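Peer 1: Just one file: start_36.pdb, with PDB, C-alpha atoms.
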```pdb
ATOM      1  CA  MET P   1      70.566 148.860  75.292
ATOM      2  CA  ASN P   2      73.612 151.126  75.266
ATOM      3  CA  MET P   3      71.547 154.102  76.483
ATOM      4  CA  LEU P   4      69.979 151.975  79.193
ATOM      5  CA  GLN P   5      73.384 150.711  80.272
ATOM      6  CA  LYS P   6      74.737 154.286  80.451
ATOM      7  CA  ALA P   7      71.754 155.357  82.528
ATOM      8  CA  LEU P   8      72.269 152.510  84.942
ATOM      9  CA  ASN P   9      75.978 153.284  85.179
ATOM     10  CA  ARG P  10      75.136 156.870  86.166
ATOM     11  CA  GLY P  11      73.067 155.592  89.056
ATOM     12  CA  LEU P  12      69.636 156.270  87.607
ATOM     13  CA  THR P  13      66.929 153.978  88.915
ATOM     14  CA  PRO P  14      64.420 152.312  86.589
ATOM     15  CA  ALA P  15      61.673 154.553  88.020
ATOM     16  CA  ASN P  16      63.633 157.670  87.087
ATOM     17  CA  ILE P  17      64.232 156.341  83.598
ATOM     18  CA  ILE P  18      60.538 155.568  83.082
ATOM     19  CA  SER P  19      59.551 158.998  84.397
ATOM     20  CA  TYR P  20      61.930 160.759  82.035
ATOM     21  CA  ALA P  21      60.791 158.652  79.082
ATOM     22  CA  SER P  22      57.136 159.426  79.852
ATOM     23  CA  LEU P  23      57.844 163.162  79.916
ATOM     24  CA  GLN P  24      59.635 163.001  76.597
ATOM     25  CA  VAL P  25      56.862 160.992  74.970
ATOM     26  CA  MET P  26      54.127 163.341  76.201
ATOM     27  CA  THR P  27      56.081 166.392  75.093
ATOM     28  CA  ARG P  28      56.962 165.153  71.640
ATOM     29  CA  TRP P  29      53.645 163.508  70.784
ATOM     30  CA  GLY P  30      51.634 166.376  72.248
ATOM     31  CA  ARG P  31      53.598 168.899  70.209
ATOM     32  CA  PHE P  32      53.313 166.843  67.048
ATOM     33  CA  PHE P  33      49.544 166.332  67.147
ATOM     34  CA  GLY P  34      48.832 169.813  68.497
ATOM     35  CA  THR P  35      50.865 171.485  65.753
ATOM     36  CA  LEU P  36      49.303 169.300  63.073
ATOM     37  CA  ARG P  37      45.805 170.142  64.285
ATOM     38  CA  LEU P  38      46.609 173.870  64.477
ATOM     39  CA  ARG P  39      48.001 174.041  60.949
ATOM     40  CA  CYS P  40      45.049 172.151  59.494
ATOM     41  CA  LYS P  41      42.547 174.388  61.246
ATOM     42  CA  ALA P  42      44.470 177.545  60.312
ATOM     43  CA  ALA P  43      44.551 176.522  56.672
ATOM     44  CA  LEU P  44      40.800 175.951  56.635
ATOM     45  CA  LEU P  45      40.005 179.256  58.407
ATOM     46  CA  GLY P  46      42.485 181.404  56.480
ATOM     47  CA  VAL P  47      44.811 182.171  59.416
ATOM     48  CA  PRO P  48      48.459 182.693  58.382
ATOM     49  CA  VAL P  49      50.872 180.653  60.508
ATOM     50  CA  GLY P  50      54.618 181.309  60.370
ATOM     51  CA  SER P  51      57.358 178.754  60.199
ATOM     52  CA  GLY P  52      58.405 176.992  63.357
ATOM     53  CA  VAL P  53      55.073 177.537  65.135
ATOM     54  CA  THR P  54      54.316 174.801  67.646
ATOM     55  CA  ALA P  55      51.173 173.970  69.604
ATOM     56  CA  HIS P  56      50.713 171.653  72.566
ATOM     57  CA  GLY P  57      47.104 170.591  72.841
ATOM     58  CA  PRO P  58      44.083 172.062  71.064
ATOM     59  CA  VAL P  59      44.087 175.761  70.103
ATOM     60  CA  GLY P  60      40.793 177.582  69.676
ATOM     61  CA  LEU P  61      40.762 179.623  66.455
ATOM     62  CA  MET P  62      37.535 181.528  65.846
ATOM     63  CA  ARG P  63      37.817 184.141  63.093
ATOM     64  CA  TRP P  64      34.865 186.310  62.094
ATOM     65  CA  PRO P  65      34.558 186.751  58.299
ATOM     66  CA  GLY P  66      36.575 189.762  57.218
ATOM     67  CA  SER P  67      38.720 189.862  60.356
ATOM     68  CA  HIS P  68      42.383 188.835  60.617
ATOM     69  CA  ILE P  69      44.416 186.558  62.875
ATOM     70  CA  THR P  70      48.151 186.092  62.281
ATOM     71  CA  ILE P  71      50.595 183.898  64.188
ATOM     72  CA  GLY P  72      54.258 184.810  63.782
ATOM     73  CA  ALA P  73      57.161 182.462  63.178
ATOM     74  CA  GLY P  74      58.455 180.478  66.127
ATOM     75  CA  THR P  75      55.388 181.117  68.290
ATOM     76  CA  SER P  76      54.608 178.547  70.972
ATOM     77  CA  LEU P  77      50.973 177.955  71.933
ATOM     78  CA  ILE P  78      50.571 175.794  75.036
ATOM     79  CA  SER P  79      47.087 174.435  75.673
ATOM     80  CA  SER P  80      47.875 171.254  77.599
ATOM     81  CA  TRP P  81      48.512 170.904  81.316
ATOM     82  CA  ARG P  82      51.080 168.261  80.445
ATOM     83  CA  ARG P  83      53.270 170.894  78.803
ATOM     84  CA  ALA P  84      52.531 173.851  81.098
ATOM     85  CA  THR P  85      55.465 174.636  83.354
ATOM     86  CA  ALA P  86      54.505 177.285  85.920
ATOM     87  CA  ALA P  87      50.949 176.127  86.692
ATOM     88  CA  ALA P  88      48.044 174.090  85.434
ATOM     89  CA  LEU P  89      45.963 175.615  82.659
ATOM     90  CA  ALA P  90      42.356 176.609  83.195
ATOM     91  CA  THR P  91      41.559 176.700  79.462
ATOM     92  CA  PRO P  92      43.329 176.105  76.145
ATOM     93  CA  VAL P  93      44.704 179.000  74.109
ATOM     94  CA  ARG P  94      41.851 180.869  72.424
ATOM     95  CA  LEU P  95      42.150 183.488  69.676
ATOM     96  CA  ARG P  96      38.805 184.956  68.680
ATOM     97  CA  THR P  97      37.589 187.911  66.622
ATOM     98  CA  PHE P  98      33.988 189.140  66.799
ATOM     99  CA  GLY P  99      33.697 191.564  63.891
ATOM    100  CA  PRO P 100      34.993 192.280  60.387
ATOM    101  CA  GLY P 101      37.295 195.058  61.595
ATOM    102  CA  ALA P 102      38.915 193.061  64.381
ATOM    103  CA  ARG P 103      42.516 191.870  64.249
ATOM    104  CA  ILE P 104      44.853 189.734  66.384
ATOM    105  CA  ASP P 105      48.576 189.757  65.606
ATOM    106  CA  ILE P 106      50.938 187.417  67.458
ATOM    107  CA  GLY P 107      54.573 188.406  67.015
ATOM    108  CA  PRO P 108      57.467 186.051  66.228
ATOM    109  CA  GLY P 109      58.718 183.908  69.072
ATOM    110  CA  ALA P 110      55.859 184.732  71.454
ATOM    111  CA  GLN P 111      54.839 182.135  74.026
ATOM    112  CA  LEU P 112      51.198 181.833  75.090
ATOM    113  CA  SER P 113      50.003 179.451  77.827
ATOM    114  CA  GLY P 114      46.267 179.069  78.181
ATOM    115  CA  THR P 115      45.825 182.650  76.973
ATOM    116  CA  SER P 116      42.441 184.010  75.910
ATOM    117  CA  ILE P 117      42.537 186.905  73.413
ATOM    118  CA  ALA P 118      39.273 188.416  72.217
ATOM    119  CA  ALA P 119      39.187 191.301  69.717
ATOM    120  CA  ARG P 120      35.758 192.678  68.863
ATOM    121  CA  SER P 121      36.340 195.650  66.585
ATOM    122  CA  THR P 122      39.944 196.833  67.036
ATOM    123  CA  THR P 123      43.464 195.369  66.997
ATOM    124  CA  ILE P 124      45.242 193.397  69.704
ATOM    125  CA  SER P 125      48.948 193.239  68.947
ATOM    126  CA  ILE P 126      51.412 190.960  70.760
ATOM    127  CA  GLY P 127      55.068 191.848  70.163
ATOM    128  CA  ARG P 128      58.156 189.805  69.477
ATOM    129  CA  GLN P 129      59.106 187.139  72.060
ATOM    130  CA  VAL P 130      56.428 188.173  74.519
ATOM    131  CA  LEU P 131      55.958 185.732  77.403
ATOM    132  CA  ILE P 132      52.388 185.265  78.599
ATOM    133  CA  ALA P 133      52.036 183.031  81.648
ATOM    134  CA  PRO P 134      49.072 180.677  82.178
ATOM    135  CA  ASN P 135      45.466 181.819  82.374
ATOM    136  CA  CYS P 136      45.762 185.420  81.167
ATOM    137  CA  ILE P 137      42.927 187.316  79.435
ATOM    138  CA  ILE P 138      43.315 190.149  76.914
ATOM    139  CA  VAL P 139      40.303 192.048  75.553
ATOM    140  CA  ASP P 140      39.685 195.231  73.569
ATOM    141  CA  SER P 141      36.122 195.840  74.708
ATOM    142  CA  ASP P 142      33.679 195.910  77.619
ATOM    143  CA  PHE P 143      31.252 193.921  75.428
ATOM    144  CA  HIS P 144      28.299 195.839  76.881
ATOM    145  CA  ALA P 145      27.274 199.492  76.972
ATOM    146  CA  HIS P 146      27.606 201.221  80.336
ATOM    147  CA  TRP P 147      24.376 203.193  80.074
ATOM    148  CA  PRO P 148      21.443 202.806  80.360
ATOM    149  CA  PRO P 149      21.671 199.877  82.793
ATOM    150  CA  GLU P 150      18.508 198.204  81.558
ATOM    151  CA  ALA P 151      19.961 197.972  78.028
ATOM    152  CA  ARG P 152      23.319 196.432  78.901
ATOM    153  CA  ALA P 153      22.232 192.997  77.762
ATOM    154  CA  THR P 154      21.240 194.276  74.305
ATOM    155  CA  GLU P 155      23.441 197.327  73.588
ATOM    156  CA  PRO P 156      26.975 196.311  72.494
ATOM    157  CA  GLY P 157      28.578 199.724  73.055
ATOM    158  CA  MET P 158      31.166 199.215  70.333
ATOM    159  CA  GLU P 159      32.035 202.922  70.325
ATOM    160  CA  GLY P 160      33.969 202.283  73.531
ATOM    161  CA  ASP P 161      36.323 199.651  72.066
ATOM    162  CA  ARG P 162      40.038 200.468  72.229
ATOM    163  CA  PRO P 163      43.111 198.643  70.796
ATOM    164  CA  VAL P 164      45.633 196.818  72.977
ATOM    165  CA  THR P 165      49.384 196.713  72.358
ATOM    166  CA  ILE P 166      52.013 194.629  74.145
ATOM    167  CA  GLY P 167      55.578 195.569  73.236
ATOM    168  CA  ASP P 168      58.461 193.289  72.359
ATOM    169  CA  TYR P 169      59.983 191.132  75.113
ATOM    170  CA  ALA P 170      57.276 191.983  77.636
ATOM    171  CA  TRP P 171      56.408 189.409  80.294
ATOM    172  CA  ILE P 172      52.849 188.963  81.558
ATOM    173  CA  GLY P 173      52.553 187.044  84.843
ATOM    174  CA  LEU P 174      50.074 184.415  85.972
ATOM    175  CA  ASN P 175      46.344 185.138  85.929
ATOM    176  CA  CYS P 176      46.633 188.694  84.599
ATOM    177  CA  ILE P 177      43.813 190.609  82.931
ATOM    178  CA  ILE P 178      44.641 193.258  80.327
ATOM    179  CA  LEU P 179      41.721 195.506  79.527
ATOM    180  CA  LYS P 180      40.919 197.685  76.531
ATOM    181  CA  GLY P 181      43.039 200.670  75.493
ATOM    182  CA  VAL P 182      46.204 199.489  77.266
ATOM    183  CA  ALA P 183      49.717 199.824  75.837
ATOM    184  CA  ILE P 184      52.427 197.831  77.617
ATOM    185  CA  GLY P 185      55.911 199.011  76.750
ATOM    186  CA  GLU P 186      58.860 197.015  75.519
ATOM    187  CA  GLY P 187      60.479 194.793  78.120
ATOM    188  CA  ALA P 188      57.889 195.574  80.799
ATOM    189  CA  ILE P 189      56.863 192.981  83.390
ATOM    190  CA  ILE P 190      53.341 192.617  84.770
ATOM    191  CA  GLY P 191      53.169 190.898  88.165
ATOM    192  CA  ALA P 192      51.000 187.842  88.707
ATOM    193  CA  GLY P 193      47.313 188.465  89.294
ATOM    194  CA  SER P 194      47.402 192.075  88.080
ATOM    195  CA  VAL P 195      44.582 193.914  86.321
ATOM    196  CA  VAL P 196      46.065 196.327  83.789
ATOM    197  CA  THR P 197      43.791 199.298  83.114
ATOM    198  CA  LYS P 198      46.357 201.959  82.111
ATOM    199  CA  ASP P 199      49.521 202.151  80.010
ATOM    200  CA  VAL P 200      52.736 200.674  81.401
ATOM    201  CA  PRO P 201      56.025 202.359  80.383
ATOM    202  CA  PRO P 202      58.819 200.299  78.830
ATOM    203  CA  HIS P 203      61.217 198.419  81.090
ATOM    204  CA  THR P 204      59.174 198.826  84.245
ATOM    205  CA  LEU P 205      57.533 196.478  86.733
ATOM    206  CA  ALA P 206      53.805 196.970  87.329
ATOM    207  CA  VAL P 207      51.740 195.017  89.852
ATOM    208  CA  GLY P 208      48.375 195.166  91.571
ATOM    209  CA  SER P 209      44.713 195.692  90.798
ATOM    210  CA  PRO P 210      44.706 198.129  89.161
ATOM    211  CA  ALA P 211      48.329 197.659  88.110
ATOM    212  CA  ARG P 212      50.754 200.419  89.101
ATOM    213  CA  VAL P 213      54.421 200.876  88.298
ATOM    214  CA  VAL P 214      56.569 200.020  91.321
ATOM    215  CA  ARG P 215      60.091 200.299  89.938
ATOM    216  CA  SER P 216      62.285 200.520  86.870
ATOM    217  CA  LEU P 217      63.884 197.489  85.255
ATOM    218  CA  VAL P 218      66.705 199.402  83.537
ATOM    219  CA  PRO P 219      69.933 198.042  85.128
ATOM    220  CA  GLY P 220      71.473 201.439  85.866
ATOM    221  CA  GLN P 221      68.285 202.998  87.170
ATOM    222  CA  ASP P 222      67.445 199.918  89.162
ATOM    223  CA  ARG P 223      70.850 199.923  90.901
ATOM    224  CA  ALA P 224      70.609 203.658  91.549
ATOM    225  CA  ALA P 225      67.165 203.241  93.093
ATOM    226  CA  ALA P 226      68.432 200.376  95.228
ATOM    227  CA  ALA P 227      71.411 202.468  96.358
ATOM    228  CA  ARG P 228      69.120 205.368  97.268
ATOM    229  CA  SER P 229      66.822 203.133  99.262
ATOM    230  CA  ALA P 230      69.805 201.559 101.022
ATOM    231  CA  SER P 231      71.250 204.990 101.914
ATOM    232  CA  HIS P 232      67.870 206.121 103.228
ATOM    233  CA  ALA P 233      67.651 202.997 105.343
ATOM    234  CA  THR P 234      71.205 203.571 106.686
ATOM    235  CA  ASP P 235      70.504 207.214 107.510
ATOM    236  CA  ALA P 236      67.297 206.262 109.266
ATOM    237  CA  GLY P 237      69.120 203.619 111.305
ATOM    238  CA  GLN P 238      71.880 206.035 112.284
ATOM    239  CA  SER P 239      69.372 208.728 113.338
ATOM    240  CA  GLU P 240      67.501 206.208 115.447
ATOM    241  CA  ALA P 241      70.761 205.089 117.079
ATOM    242  CA  ALA P 242      71.725 208.716 117.813
ATOM    243  CA  GLN P 243      68.341 209.382 119.358
ATOM    244  CA  PHE P 244      68.659 206.275 121.496
ATOM    245  CA  GLN P 245      72.136 207.271 122.715
ATOM    246  CA  ALA P 246      70.937 210.811 123.517
ATOM    247  CA  ALA P 247      68.045 209.403 125.492
ATOM    248  CA  GLN P 248      70.412 207.102 127.390
ATOM    249  CA  SER P 249      72.797 209.995 128.185
ATOM    250  CA  GLN P 250      69.953 212.154 129.470
ATOM    251  CA  ALA P 251      68.515 209.383 131.608
ATOM    252  CA  PRO P 252      70.971 209.836 134.632
ATOM    253  CA  LEU P 253      70.440 213.621 134.620
ATOM    254  CA  ALA P 254      66.721 213.081 134.592
ATOM    255  CA  GLY P 255      67.089 210.698 137.519
ATOM    256  CA  VAL P 256      69.071 213.236 139.550
ATOM    257  CA  ALA P 257      66.556 215.969 138.783
ATOM    258  CA  GLN P 258      63.743 213.692 139.771
ATOM    259  CA  SER P 259      65.467 212.818 143.050
ATOM    260  CA  GLN P 260      66.085 216.487 143.871
ATOM    261  CA  THR P 261      62.522 217.348 142.988
ATOM    262  CA  GLY P 262      61.327 214.523 145.204
ATOM    263  CA  GLN P 263      63.418 215.717 148.132
ATOM    264  CA  SER P 264      62.138 219.314 147.805
ATOM    265  CA  GLN P 265      58.591 218.079 147.599
ATOM    266  CA  ALA P 266      59.148 215.967 150.696
ATOM    267  CA  ALA P 267      60.557 218.958 152.614
ATOM    268  CA  GLN P 268      57.647 221.093 151.555
ATOM    269  CA  SER P 269      55.212 218.434 152.572
ATOM    270  CA  GLU P 270      56.877 218.076 155.991
ATOM    271  CA  ALA P 271      56.837 221.856 156.748
ATOM    272  CA  PRO P 272      53.065 222.250 156.911
ATOM    273  CA  HIS P 273      52.825 219.217 159.109
ATOM    274  CA  ALA P 274      55.305 220.801 161.542
ATOM    275  CA  GLY P 275      53.316 224.082 161.651
ATOM    276  CA  ASN P 276      50.185 222.173 162.370
ATOM    277  CA  ALA P 277      51.877 220.364 165.171
ATOM    278  CA  GLN P 278      53.005 223.609 166.811
ATOM    279  CA  ALA P 279      49.547 225.170 166.450
ATOM    280  CA  ALA P 280      47.988 222.171 168.056
ATOM    281  CA  ASP P 281      50.443 222.045 171.042
ATOM    282  CA  PRO P 282      48.541 222.888 174.297
ATOM    283  CA  ALA P 283      51.704 224.149 176.039
ATOM    284  CA  THR P 284      52.176 226.941 173.533
ATOM    285  CA  LEU P 285      48.541 227.816 173.052
ATOM    286  CA  ALA P 286      47.392 227.855 176.707
ATOM    287  CA  PRO P 287      49.028 231.124 177.877
ATOM    288  CA  GLN P 288      47.893 233.068 174.868
ATOM    289  CA  SER P 289      44.352 231.779 174.906
ATOM    290  CA  GLN P 290      43.971 232.278 178.652
ATOM    291  CA  GLY P 291      45.808 235.624 179.080
ATOM    292  CA  ALA P 292      44.336 237.626 176.294
ATOM    293  CA  PRO P 293      40.677 236.995 177.011
ATOM    294  CA  SER P 294      41.070 237.576 180.829
ATOM    295  CA  GLU P 295      42.884 240.887 180.480
ATOM    296  CA  ALA P 296      40.610 242.379 177.883
ATOM    297  CA  PRO P 297      37.346 241.945 179.755
ATOM    298  CA  GLN P 298      38.890 243.035 183.056
ATOM    299  CA  GLY P 299      40.209 246.221 181.556
ATOM    300  CA  GLY P 300      36.902 246.933 180.006
ATOM    301  CA  PHE P 301      34.965 246.339 183.162
ATOM    302  CA  GLY P 302      37.327 248.479 185.129
ATOM    303  CA  GLN P 303      36.801 251.431 182.892
TER     304      GLN P 303
END
```
Take the structure in the file and write it out as structure tokens.

Peer 2:
Amino acid sequence: MNMLQKALNRGLTPANIISYASLQVMTRWGRFFGTLRLRCKAALLGVPVGSGVTAHGPVGLMRWPGSHITIGAGTSLISSWRRATAAALATPVRLRTFGPGARIDIGPGAQLSGTSIAARSTTISIGRQVLIAPNCIIVDSDFHAHWPPEARATEPGMEGDRPVTIGDYAWIGLNCIILKGVAIGEGAIIGAGSVVTKDVPPHTLAVGSPARVVRSLVPGQDRAAAARSASHATDAGQSEAAQFQAAQSQAPLAGVAQSQTGQSQAAQSEAPHAGNAQAADPATLAPQSQGAPSEAPQGGFGQ
């Protein structure tokens, strides 16, 4: 009653109180039953689970005989949409090995949300306090041979398997796919929806399909890169302004030149018209046309 009275004194409505209580109940009960189920299953399958590991919802553990799956202390495995924060989950967390030489190691304090990890014949290692957002897939194999095409359904192509390593404190965004042979460095961030096919250096941001490094996450380098980009933008703006001012200053001169050119062209165009008018004037052409022909024949006849 005292807690209810305090809530009412703070202005909380009964609907808000019920909503908060429902969230707390779902979180606590979901974590309790999910963790209990995980520990029982891990004990039966021989999967070591560290202290402080919690699970929300069912976790799929499928270990091939002779392979190894380890879950470090303080790891959080989220398989329920009720507990997921960033987005709904497409599937529960699944950790599966397909062969006796396969291994999956989850580091201490890692957080997996609807993550699917499948190791066929090599090792997939997740570092300390790695954050993996909902609906990510990590594999160490293509699961089929590339060649010949007609044998892809039957040839496993295990010679092409490659291990996967994700360094400490890395952050994998929503709906990412991490393919075989990839090493993601410490503190790196993979943007949402990326397909990682090559190594990512430590403390960098990589995005896209295929994922490419777009910038550094080191504070000093990041600020220096931002300062360089800002200076380039300022220089570009100043050069554009200078070009605009030069064009404006040359505009009157160009207008005067165009006017003078127009006047000269008009004078030249008027001169031929004047010559044509004089040539076509009967008063000027009559004496010449009449005198010259009359004198020439008369002189000729007289001779």

Peer 1: Decode the PyMOL selection byres ((chain P and resi 105-110) around 12) for the given file into explicit residues and return them as number ranges by chain.

Peer 2: P: 47-55, 67-78, 95-97, 102-104, 111-113, 115, 117-119, 122-133, 163-172

Peer 1: Can you work out which one of P:Gly66, P:Gly114, P:Gly173, P:Pro210 has the shortest atom-to-atom distance to Leu45 (chain P), counting all atoms listed in the file?

Peer 2: P:Gly66

Peer 1: Rounded to one decimal place, report the CA of Thr154 (chain P)-CA of Pro100 (chain P) distance in Å.

Peer 2: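 Calculated distance between CA of Thr154 (chain P) and CA of Pro100 (chain P) is 19.7 Å.
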
Peer 1: For the file shown, what are the residues hit by the PyMOL selection byres ((chain P and resi 203) around 6), laid out as a PDB file with C-alpha atoms, keeping the file's coordinate frame?

Peer 2:
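Result file follows (part.pdb):
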```pdb
ATOM      1  CA  GLY P 187      60.479 194.793  78.120  1.00  0.00           C
ATOM      2  CA  ALA P 188      57.889 195.574  80.799  1.00  0.00           C
ATOM      3  CA  PRO P 202      58.819 200.299  78.830  1.00  0.00           C
ATOM      4  CA  THR P 204      59.174 198.826  84.245  1.00  0.00           C
ATOM      5  CA  LEU P 217      63.884 197.489  85.255  1.00  0.00           C
TER       6      LEU P 217
END
```

Peer 1: Please provide the set of residues having any atom within 12 Å of Val213 (chain P), restricted to only C-alpha atoms, with same-chain residues fewer than 2 positions apart removed, written as JSON, numbers by chain.

Peer 2: {"P": [184, 185, 188, 189, 190, 191, 194, 196, 197, 198, 199, 200, 201, 202, 203, 204, 205, 206, 207, 208, 209, 210, 211, 215, 216, 217]}

Peer 1: Have a look at CA of Phe143 (chain P) and CA of Glu186 (chain P) and let me know their distance in Å, one decimal.

Peer 2: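 Straight-line distance from CA of Phe143 (chain P) to CA of Glu186 (chain P) works out to 27.8 Å.
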
Peer 1: Between CA of Gly57 (chain P) and CA of Asn16 (chain P), what distance in Å does the model show, to one decimal?

Peer 2: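 Here the two named atoms are 25.4 Å from each other.
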
Peer 1: Can you list, as number ranges by chain, every protein, DNA or RNA residue that comes within 7 Å of Cys176 (chain P) when you count all atoms listed in the file, leaving out same-chain residues fewer than 6 positions away?

Peer 2: P: 136-137, 192-195

Peer 1: I need the residue set behind the PyMOL selection byres ((chain P and resi 142) around 8) for this file; please write it as a list in words.

Peer 2: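 Residues picked by the PyMOL selection byres ((chain P and resi 142) around 8): Val139, Asp140, Ser141, Phe143, His144, Ala145, Gly157, Gly160, Asp161 and Lys180 of chain P.
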
Peer 1: Kindly provide, as a VMD selection string, the polymer residues lying within 7 Å of (46.7, 176.6, 84.9), counting only C-alpha atoms and using the coordinates exactly as they appear in the file.

Peer 2: chain P and resid 81 87 to 90 134 to 135

Peer 1: Of the candidates P:Val218, P:Leu179, P:Met62, P:Ile18, which one gets nearest to Ile138 (chain P) if we count all atoms listed in the file?

Peer 2: P:Leu179
